[in-house]
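S.K.: Mind looking over this structure? Questions follow.
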Amino acid sequence: MRYNSHEYVNDYLAYGTFPKIHDDIFFMAKRVPEAGELNAIDLGACTGLLTIRMSSVFKSVTGIESSEDYARKLQGARIIVFKITPETVLEFGAVIAGYDIIIARRIFPELYDAKQVVYFLPEVFYKAGIKYILLEGRKRVKRPTNPLWNADLEAQEFSKYYTVSDFYKDIRLLKRKA
Ligand SMILES: C[S@@+](CC[C@H](N)C(=O)[O-])C[C@H]1O[C@@H](n2cnc3c(N)ncnc32)[C@H](O)[C@@H]1O
């Protein structure tokens, strides 16, 4: 099933269950220091299932999603419809100012595909005051097509301002340098 599958939404609405594809990052979210005091951004929130699930860990969770169709599928998730591009990235910095942590499951490679806007993000996050980045990278494959094809390469992209402080499978927790 793909991340945007109707079945995930239907299972949540019928049984209150969440997709297993989110189990690893949810497990790691609970290891973030003082998570209950942090306001989080769920980047590339899609239908908001991870946004809702993460709300039990963090003080608040706000999704950012470019697709209005996905973002409006579920009530109960606070999602801002916003497309991050090189043209909107400064405005994006203002949107996330005051938040503490970015949850980024399988979104940075897509933001490479969006005119390489991902390369602006380390400085944008740092200047916005973001303290942590919790990222999940793509599964490793033999012939990757994206330069950010695994979690370590994603983490490295942020290494000027953030350092890896915890890891598990394809998840990395990055902490802001002083
Ligand atoms: C691979 S999906 C991951 C969804 C979710 N984080 C998850 O793990 O289930 C990436 C999501 O990011 C959204 N997205 C892609 N490019 C974007 C952009 N430039 N700005 C905002 N959202 C974007 C897509 O619509 C999609 O919902």
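Labels for the structure tokens follow display order: chains A, B, ..., residues from 1 in each chain, ligands from 1.
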Please identify all protein, DNA and RNA residues within 7 Å of ligand 1, counting only C-alpha atoms and all ligand atoms, and report them as a list in words.

M.R.: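 For ligand 1, the residues inside 7 Å are Tyr3, Asn4, His22, Leu43, Gly44, Ala45, Cys46, Leu50, Ile64, Glu65, Ser66, Ser67, Tyr70, Phe82, Lys83, Ile84, Thr85, Ala104, Arg105, Arg106, Ile107, Glu110, Leu111 and Ala114 of chain A.
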
S.K.: Just C-alpha atoms for this one: save the residues we selected as a PDB file, in the first residue's frame.

M.R.:
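After the write, result_6.pdb holds the following:
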ATOM      1  CA  TYR A   3       1.524   6.200   1.982  1.00  0.00           C
ATOM      2  CA  ASN A   4      -1.631   7.925   0.634  1.00  0.00           C
ATOM      3  CA  HIS A  22       4.586   4.879  10.741  1.00  0.00           C
ATOM      4  CA  LEU A  43       6.312  18.102   6.967  1.00  0.00           C
ATOM      5  CA  GLY A  44       4.554  16.530   3.971  1.00  0.00           C
ATOM      6  CA  ALA A  45       1.665  15.486   6.184  1.00  0.00           C
ATOM      7  CA  CYS A  46      -0.387  13.852   3.416  1.00  0.00           C
ATOM      8  CA  LEU A  50       0.920  10.675  11.255  1.00  0.00           C
ATOM      9  CA  ILE A  64       2.278  21.142   6.162  1.00  0.00           C
ATOM     10  CA  GLU A  65       1.048  19.612   2.907  1.00  0.00           C
ATOM     11  CA  SER A  66       1.008  20.812  -0.699  1.00  0.00           C
ATOM     12  CA  SER A  67      -1.997  18.768  -1.796  1.00  0.00           C
ATOM     13  CA  TYR A  70      -4.823  14.915   0.841  1.00  0.00           C
ATOM     14  CA  PHE A  82       1.422  25.073   1.615  1.00  0.00           C
ATOM     15  CA  LYS A  83       3.730  24.128  -1.271  1.00  0.00           C
ATOM     16  CA  ILE A  84       7.407  24.554  -0.420  1.00  0.00           C
ATOM     17  CA  THR A  85       9.372  25.814  -3.421  1.00  0.00           C
ATOM     18  CA  ALA A 104      10.067  14.677   8.200  1.00  0.00           C
ATOM     19  CA  ARG A 105       9.047  11.212   7.081  1.00  0.00           C
ATOM     20  CA  ARG A 106      10.122  10.546   3.492  1.00  0.00           C
ATOM     21  CA  ILE A 107       9.770  14.201   2.454  1.00  0.00           C
ATOM     22  CA  GLU A 110      10.626  14.959  -2.584  1.00  0.00           C
ATOM     23  CA  LEU A 111      11.854  18.431  -1.700  1.00  0.00           C
ATOM     24  CA  ALA A 114      10.848  20.306  -5.979  1.00  0.00           C
TER      25      ALA A 114
END

S.K.: Using DSSP assignments from the backbone, pull out every residue in chain A that falls under strand (DSSP E or B) and give it to me as a ChimeraX atom specification.

M.R.: /A:39-43,60-65,79-81,101-105,132-136,162-168,171-176

S.K.: Please produce an output containing N, CA and C atoms for each residue in the selection, written as an mmCIF file, in the first residue's frame.

M.R.:
data_model
loop_
_atom_site.group_PDB
_atom_site.id
_atom_site.type_symbol
_atom_site.label_atom_id
_atom_site.label_comp_id
_atom_site.auth_asym_id
_atom_site.auth_seq_id
_atom_site.Cartn_x
_atom_site.Cartn_y
_atom_site.Cartn_z
ATOM 1 N N ASN A 39 6.443 21.792 20.342
ATOM 2 C CA ASN A 39 5.462 22.012 19.281
ATOM 3 C C ASN A 39 6.088 21.537 17.969
ATOM 4 N N ALA A 40 5.366 20.655 17.277
ATOM 5 C CA ALA A 40 5.941 19.976 16.118
ATOM 6 C C ALA A 40 5.267 20.373 14.811
ATOM 7 N N ILE A 41 6.084 20.302 13.752
ATOM 8 C CA ILE A 41 5.593 20.441 12.370
ATOM 9 C C ILE A 41 5.754 19.077 11.710
ATOM 10 N N ASP A 42 4.700 18.576 11.104
ATOM 11 C CA ASP A 42 4.768 17.329 10.341
ATOM 12 C C ASP A 42 4.839 17.712 8.867
ATOM 13 N N LEU A 43 6.046 17.608 8.321
ATOM 14 C CA LEU A 43 6.312 18.102 6.967
ATOM 15 C C LEU A 43 5.879 17.068 5.925
ATOM 16 N N SER A 60 1.924 19.876 20.562
ATOM 17 C CA SER A 60 1.017 20.147 19.442
ATOM 18 C C SER A 60 1.702 19.671 18.166
ATOM 19 N N VAL A 61 0.897 19.334 17.163
ATOM 20 C CA VAL A 61 1.456 18.939 15.864
ATOM 21 C C VAL A 61 0.638 19.614 14.766
ATOM 22 N N THR A 62 1.348 20.318 13.886
ATOM 23 C CA THR A 62 0.721 20.990 12.747
ATOM 24 C C THR A 62 1.317 20.416 11.473
ATOM 25 N N GLY A 63 0.475 19.983 10.553
ATOM 26 C CA GLY A 63 0.960 19.444 9.289
ATOM 27 C C GLY A 63 1.151 20.542 8.254
ATOM 28 N N ILE A 64 2.092 20.289 7.346
ATOM 29 C CA ILE A 64 2.278 21.142 6.162
ATOM 30 C C ILE A 64 2.153 20.195 4.967
ATOM 31 N N GLU A 65 1.275 20.523 4.039
ATOM 32 C CA GLU A 65 1.048 19.612 2.907
ATOM 33 C C GLU A 65 0.677 20.418 1.667
ATOM 34 N N ILE A 79 -3.840 20.884 9.481
ATOM 35 C CA ILE A 79 -2.900 20.871 8.356
ATOM 36 C C ILE A 79 -2.990 22.181 7.586
ATOM 37 N N ILE A 80 -1.841 22.787 7.379
ATOM 38 C CA ILE A 80 -1.754 23.995 6.561
ATOM 39 C C ILE A 80 -1.402 23.558 5.142
ATOM 40 N N VAL A 81 -2.207 23.975 4.171
ATOM 41 C CA VAL A 81 -1.897 23.655 2.777
ATOM 42 C C VAL A 81 -0.877 24.680 2.280
ATOM 43 N N ILE A 101 10.248 21.325 16.652
ATOM 44 C CA ILE A 101 10.749 20.095 16.004
ATOM 45 C C ILE A 101 10.041 19.884 14.665
ATOM 46 N N ILE A 102 10.833 19.430 13.688
ATOM 47 C CA ILE A 102 10.291 19.082 12.377
ATOM 48 C C ILE A 102 10.235 17.558 12.282
ATOM 49 N N ILE A 103 9.064 17.022 12.002
ATOM 50 C CA ILE A 103 8.927 15.592 11.704
ATOM 51 C C ILE A 103 8.956 15.489 10.179
ATOM 52 N N ALA A 104 9.876 14.697 9.653
ATOM 53 C CA ALA A 104 10.067 14.677 8.200
ATOM 54 C C ALA A 104 10.166 13.232 7.717
ATOM 55 N N ARG A 105 9.017 12.604 7.550
ATOM 56 C CA ARG A 105 9.047 11.212 7.081
ATOM 57 C C ARG A 105 8.952 11.168 5.561
ATOM 58 N N TYR A 132 14.997 20.402 16.904
ATOM 59 C CA TYR A 132 15.198 19.002 16.501
ATOM 60 C C TYR A 132 14.593 18.750 15.118
ATOM 61 N N ILE A 133 15.179 17.793 14.417
ATOM 62 C CA ILE A 133 14.588 17.261 13.188
ATOM 63 C C ILE A 133 14.510 15.740 13.378
ATOM 64 N N LEU A 134 13.310 15.191 13.239
ATOM 65 C CA LEU A 134 13.131 13.739 13.331
ATOM 66 C C LEU A 134 12.804 13.263 11.928
ATOM 67 N N LEU A 135 13.771 12.626 11.266
ATOM 68 C CA LEU A 135 13.550 12.262 9.864
ATOM 69 C C LEU A 135 13.531 10.750 9.678
ATOM 70 N N GLU A 136 12.763 10.317 8.701
ATOM 71 C CA GLU A 136 12.821 8.920 8.260
ATOM 72 C C GLU A 136 13.157 8.920 6.784
ATOM 73 N N TYR A 162 22.952 20.910 12.417
ATOM 74 C CA TYR A 162 22.327 19.864 13.240
ATOM 75 C C TYR A 162 23.212 18.625 13.266
ATOM 76 N N THR A 163 23.227 17.960 14.423
ATOM 77 C CA THR A 163 24.048 16.763 14.571
ATOM 78 C C THR A 163 23.150 15.576 14.980
ATOM 79 N N VAL A 164 23.521 14.377 14.545
ATOM 80 C CA VAL A 164 22.695 13.189 14.861
ATOM 81 C C VAL A 164 22.824 12.888 16.355
ATOM 82 N N SER A 165 21.694 12.841 17.059
ATOM 83 C CA SER A 165 21.769 12.554 18.497
ATOM 84 C C SER A 165 21.140 11.208 18.857
ATOM 85 N N ASP A 166 20.412 10.592 17.929
ATOM 86 C CA ASP A 166 19.815 9.279 18.199
ATOM 87 C C ASP A 166 19.456 8.664 16.856
ATOM 88 N N PHE A 167 19.409 7.347 16.781
ATOM 89 C CA PHE A 167 19.022 6.707 15.518
ATOM 90 C C PHE A 167 18.425 5.334 15.772
ATOM 91 N N TYR A 168 17.627 4.884 14.804
ATOM 92 C CA TYR A 168 16.991 3.566 14.850
ATOM 93 C C TYR A 168 16.526 3.247 13.436
ATOM 94 N N ILE A 171 15.519 5.897 10.821
ATOM 95 C CA ILE A 171 15.164 7.142 11.511
ATOM 96 C C ILE A 171 16.427 7.791 12.081
ATOM 97 N N ARG A 172 16.511 9.102 11.972
ATOM 98 C CA ARG A 172 17.593 9.849 12.607
ATOM 99 C C ARG A 172 16.960 11.010 13.369
ATOM 100 N N LEU A 173 17.435 11.199 14.611
ATOM 101 C CA LEU A 173 17.043 12.394 15.359
ATOM 102 C C LEU A 173 18.223 13.350 15.305
ATOM 103 N N LEU A 174 17.984 14.549 14.766
ATOM 104 C CA LEU A 174 19.040 15.552 14.679
ATOM 105 C C LEU A 174 18.766 16.636 15.712
ATOM 106 N N LYS A 175 19.847 17.065 16.363
ATOM 107 C CA LYS A 175 19.731 18.093 17.406
ATOM 108 C C LYS A 175 20.492 19.321 16.935
ATOM 109 N N ARG A 176 19.912 20.457 17.197
ATOM 110 C CA ARG A 176 20.528 21.730 16.819
ATOM 111 C C ARG A 176 21.893 21.899 17.497
#

S.K.: Please list as a PyMOL selection string every residue within 12 Å of Asp113 of chain A, counting only C-alpha atoms and excluding residues in the same chain fewer than 3 positions away.

M.R.: chain A and resi 84-86+107-110+116-119+145-149

S.K.: For the structure I just gave you, how does DSSP split segment 10-157 of chain A - specifically, which residues are helix (DSSP H, G or I)? Reply as an MDAnalysis selection string.

M.R.: chainID A and resid 10:15 20:29 35:37 49:54 68:71 89:96 108:113 117:128 151:157

S.K.: Quick one: residues within 10 Å of Gln75 of chain A, only C-alpha atoms, excluding same-chain residues fewer than 2 positions away - as a list of chain:residue names?

M.R.: A:Thr47, A:Gly48, A:Ile52, A:Ala71, A:Arg72, A:Lys73, A:Ala77, A:Arg78, A:Ile79

S.K.: Report as a PyMOL selection string all protein, DNA and RNA residues lying within 12 Å of Leu90 of chain A, evaluated on only C-alpha atoms, omitting residues in the same chain fewer than 2 positions from it.

M.R.: chain A and resi 83-88+92-97+117+120-121+123-125+127-128

S.K.: Looking at only C-alpha atoms, which of A:Asp152, A:Asp69, A:Glu34, A:Asp11 is the one that sits closest to Lys169 of chain A?

M.R.: A:Asp152
